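Participant: Just dropping this structure here.
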Amino acid sequence: MDIKKITIIGGFGKDGTKENVDRFDLNLGDIVSIVGPTGCGKTTLINDIELFACKNTPSGREILINGEPVPEDFTFDPSKHPIALISQHTNFLSDLPVGEFLTIHAKVRGAADIPAVVEETIEFANQLTGEAIIKGTAMTELSGGQTRSLLIADAVVIGNSPIILLDEIENAGIHKTRALDLLKKYEKLFVFVTHDPTIALLSDYRIIMKNGGIQKLVISNPEEQHAAEELKKMDDIILYFRGLIRSGEEIRNHHMENILK
């Protein structure tokens with residue numbers, strides 16, 4: 001199926017109150033953030049999307065593809081499932097080397113040039129993580145940030161999933177603004193669950209959650225985008241000092257002077 005959009009039809013919050021937003025569309029090419037305090041129902045919403053809820057989950061929401069109910073084989077046949085979910089707690093059971101793992105996935109997906117897509121995937125992942133991923137490293141030896149970076153790259157490049165859900169990637173040491181810049185080059189729907197203001201403001205839309213329900217849908221405006229650019233500068237400063245500290249540098253006045261130039 002050529003997916004152009006998904007539609008979320010509102011259900012109910014934790015107390016049974018009808019959600020404030022009845023219905024809205026998310027289109028391929030959009031970057032969307034789901035925000036709200038801890039326990040407000042953000043993860044429940046992406047789970048509803050991943051499961052293609054049909055009024056059969058506690059929220060009572062319904063998810064449509066291209067305005068139509070989802071075909072049953074999309075839900076039960078992994079080969080047709082168009083969604084990749086990168087959760088907070090992802091661990092590998094396989095101890096295969098990274099290159100071999102990606103090669104197997106590329107073969108399953110029927111990639112035309114397997115060595116090229118494996119290299120592209122690793123290169124993509126290494127733009128997100130601090131310590132480069134080596135092709136011969138066992139999957140079980142990857143750090144949390146490396147694991148998340150590799151899974152994002154794998155979902156985008158090899159899996160070619162049209163809809164990618166990412167649960168709090170900022171907690172894994174991923175270079176978040178670089179990730180957003182990279183992801184914008186792909187015509188996919190990216191949905192972030194996030195507490196990070198930079199990711200939220202750089203998104204096209206943000207869904208505001210409270211007490212298990214969707215309270216509001218906010219469309220980004222030019223003033224917010226300007227604020228996001230200022231936040232990116234702050235993030236760059238933090239990344240600069242993090243890099244110095246990780247490499248064993250002692251912070252001196254000239255480091256601050258370099259930032260202020």
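Here, A, B, ... name the chains of the structure tokens in the order displayed, residue numbers run from 1 inside each chain, and ligands are numbered from 1 in the same displayed order.
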Counting only C-alpha atoms, which residues in region 77-163 of chain A sit no more than 7 Å from region 170-191 of chain A? For each one, give the nearest pair of atoms and the distance in Å, sorted by chain then residue number, as CSV.
Facilitator:
residue,atom,partner,partner_atom,distance
A:Leu128,CA,A:His175,CA,5.1
A:Thr129,CA,A:Ile174,CA,5.3
A:Gly144,CA,A:Ala172,CA,6.0
A:Gly145,CA,A:Ala172,CA,4.5
A:Ser149,CA,A:Ile174,CA,6.9
A:Pro162,CA,A:Lys188,CA,4.9
A:Ile163,CA,A:Leu189,CA,4.8
Participant: Hey, what's within 12 Å of Pro197 (chain A) if we count only C-alpha atoms and toss same-chain stuff fewer than 6 positions away? As a count of residues only, please?
Facilitator: 20
Participant: Would you mind reading off the distance between CA of Gln146 (chain A) and CA of Glu123 (chain A), one decimal, in Å?
Facilitator: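 CA of Gln146 (chain A) sits 12.1 Å away from CA of Glu123 (chain A).
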Participant: Quick one: of A:Arg61, A:Gly67, A:Pro82, A:Leu151, who's nearest to Phe101 (chain A), counting only C-alpha atoms?
Facilitator: A:Leu151
Participant: Figure out the distance between CA of Ile65 (chain A) and CA of Ile3 (chain A), please, to one decimal in Å.
Facilitator: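 CA of Ile65 (chain A) lies at a distance of 6.8 Å from CA of Ile3 (chain A).
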